[in-house]
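Participant: Quick one: this structure, given as structure tokens, is what I'll be asking you about.
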Amino acid sequence: MFNLIKDKNHSTLYEKIQSENPYYEIWLLAKNGKNVYFIFEDKNDKNLDYNTTYFKKKKTGKKINYYLSELKLNIDYFFYPKVIKPISLRELIYSYQNDIKKDDIIISDYELDEYFRKINEPSYYFFKKNSLQEEYDKRFINFYKRLKRLLIIKKNFIPINRHPEKPYYIYQLFN
Amino acid sequence: MFEIIFNKENLIVFSFVFFIQILGLNFLLLFFKKFFKENNLFLNLNYSWFFGNVVFSFFIFLLFVFKKMSFLNLKVFLLMLFFITILFIVSFLREKRKIELKKSNLIYLISILFFFTPLMIESLTSFLISWDSLAIWFLKAKALYIDKDILSFLKNENFYYSSQAYPVGILLIISVYYRLINQVNDQAIQFYFVWFFINMSFLFFGLLIKFFEKFFSKLILFLLTLSIMVNSAFIIYSHNGYVDLQLGYIFLTIFSFFYFFIVEKENLFVYSRLIILGLGYSLMIKNEALPFSVFCIFILLIIYLLKYNLLIFFKKIFFIF
């Protein structure tokens, strides 16, 4: 690690070291105070991923699901005291679309480009869809056209004895 | 290299660690003189780190409870460091003749520090990545430093995953360091964590010297210590933000007191007091220390019941220090 950072050209030693962090870009966004939305793959009670969901039982006995992943941990940690709640892409498209402004940032734990490619494939055209799905896809396309994907720099530091982190994606609204 | 290692924030963390070590040395020299004189250099270094943490953690905990954490800043810390160093020099000079400092031990001390220098550099130049550090210890320490309190953080449902019932010992120490440098630096403070590992090596080497010096040369014991301590799990957990190694270190230190307590015929009350202080400290680190502490207290009570009676136990342990 020492060899990796000694020739780096950053303003502080902290940033030199941090630039090898797999979540460096998240740290930079938190440092620059950008307006950030964090989206995660749509989950409902039927297709819950138990690796990324935990429960909290309320006093009333009702169980509430909370989404948790390494990406969320890093977002929570770097952005503290600002809280960035994870929302689904559907929520973003339907409920937040009017709030999102130019230059806002979207951190996503899955690739939006992939979904865009999927719905533009000829096979998808023949796939039977209901009106809700069609509307969702339309909204998504409109939204996607406002996005530009930001580059995540490849890190040279390889931590020992640790699973490689899942990729994450950062988009910025250009209009 | 020089500017990477010896920048302002690292120098403060070095002084921070030095302060805790000196605090522990003073504590032993003032209250457990006989115990101090009987031990070799490595055991004394380890026990002074241990009791330095005990005393400092209790002190910080009191400040936290009475909402006086703002009292601590760099100037106050440097003043405390100055006085505590003077106190150490005076008490050491007073006891100098009775304390045996072997030259060979000093050489081995330098060798251990030299051997672990790359690990120390690594701790100072590592970013945080482990789950426990981001989800629990360093997140709470950051909250404590920024909010000046922990309650609002604990009530926030976004951080329910942050093991709210865990004690505040470690995060208080981290947040004190943040106060000293007046910002969050989760890289430099990892040196504090690695110092537990170094002291664990001191303890291990010190115990080997105590038990096997007559049978084996110190060089063999030294190599044995290093070969055990370079275990990859030890190295990774020495500073990655998990506190399990620190907890293991505390258990090991308390076990060593238990050994002395059971085997030695003299100083029984000294060891039992040290054990109880250590158990109190362990409860400030992690909930997992609770069964261990209950078990240790149970064993202490049994031994006292067999040797003396409970009245003497409570009198000696709690009232006459």
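Scheme for the structure tokens: letters A, B, ... for chains in order shown; per-chain residue numbers from 1; ligand numbers from 1 in order shown.
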What's the 12 Å shell around Pro291 of chain B, counting only C-alpha atoms, without same-chain residues fewer than 6 positions away, as a CSV table (one decimal) with C-alpha atoms, in the first residue's frame?
Facilitator:
chain,number,residue,atom,x,y,z
B,251,PHE,CA,-8.9,-12.0,27.8
B,279,LEU,CA,-13.0,-7.3,33.7
B,282,SER,CA,-13.5,-5.7,29.1
B,283,LEU,CA,-17.2,-4.9,29.6
B,297,ILE,CA,-16.0,-13.5,39.1
B,298,PHE,CA,-17.5,-16.9,39.9
Participant: List the spatial neighbours of Ser70 of chain B as number ranges by chain - criterion: any atom at most 10 Å away, only C-alpha atoms, same-chain residues fewer than 5 positions off excluded.
Facilitator: B: 63-64, 148, 176, 179
Participant: Which chain B residues are at most 7 Å from chain A (counting only C-alpha atoms), as a CSV table (one decimal) with C-alpha atoms, in the first residue's frame?
Facilitator:
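As a result, out_1.csv now contains:
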chain,number,residue,atom,x,y,z
B,4,ILE,CA,4.0,10.1,4.9
B,125,THR,CA,-1.5,3.9,5.4
B,126,SER,CA,-4.7,1.8,5.3
B,127,PHE,CA,-8.2,2.8,4.5
B,134,LEU,CA,-17.9,0.8,8.9
B,135,ALA,CA,-21.1,-0.4,10.4
B,139,LEU,CA,-19.5,4.9,12.3
Participant: Just give me the gap between atom CA of Tyr110 of chain A and atom CA of Ile64 of chain A in Å, one decimal is fine.
Facilitator: 23.3 Å
Participant: Interatomic distance between atom CA of Tyr124 of chain A and atom CA of Lys145 of chain A?
Facilitator: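 That distance, rounded to one decimal, is 18.9 Å.
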Participant: Counting only C-alpha atoms, figure out which residue out of B:Leu30, B:Met1, B:Leu180, B:Ile60 gets nearest to Lys75 of chain B.
Facilitator: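 Of B:Leu30, B:Met1, B:Leu180, B:Ile60, the one nearest Lys75 of chain B is B:Leu180, counting only C-alpha atoms.
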Participant: Hey, what's within 10 Å of Phe56 of chain B if we count only C-alpha atoms and toss same-chain stuff fewer than 2 positions away? As an NGL selection string, please?
Facilitator: :B and (19-20 or 23-24 or 51-54 or 58-62 or 169 or 173)
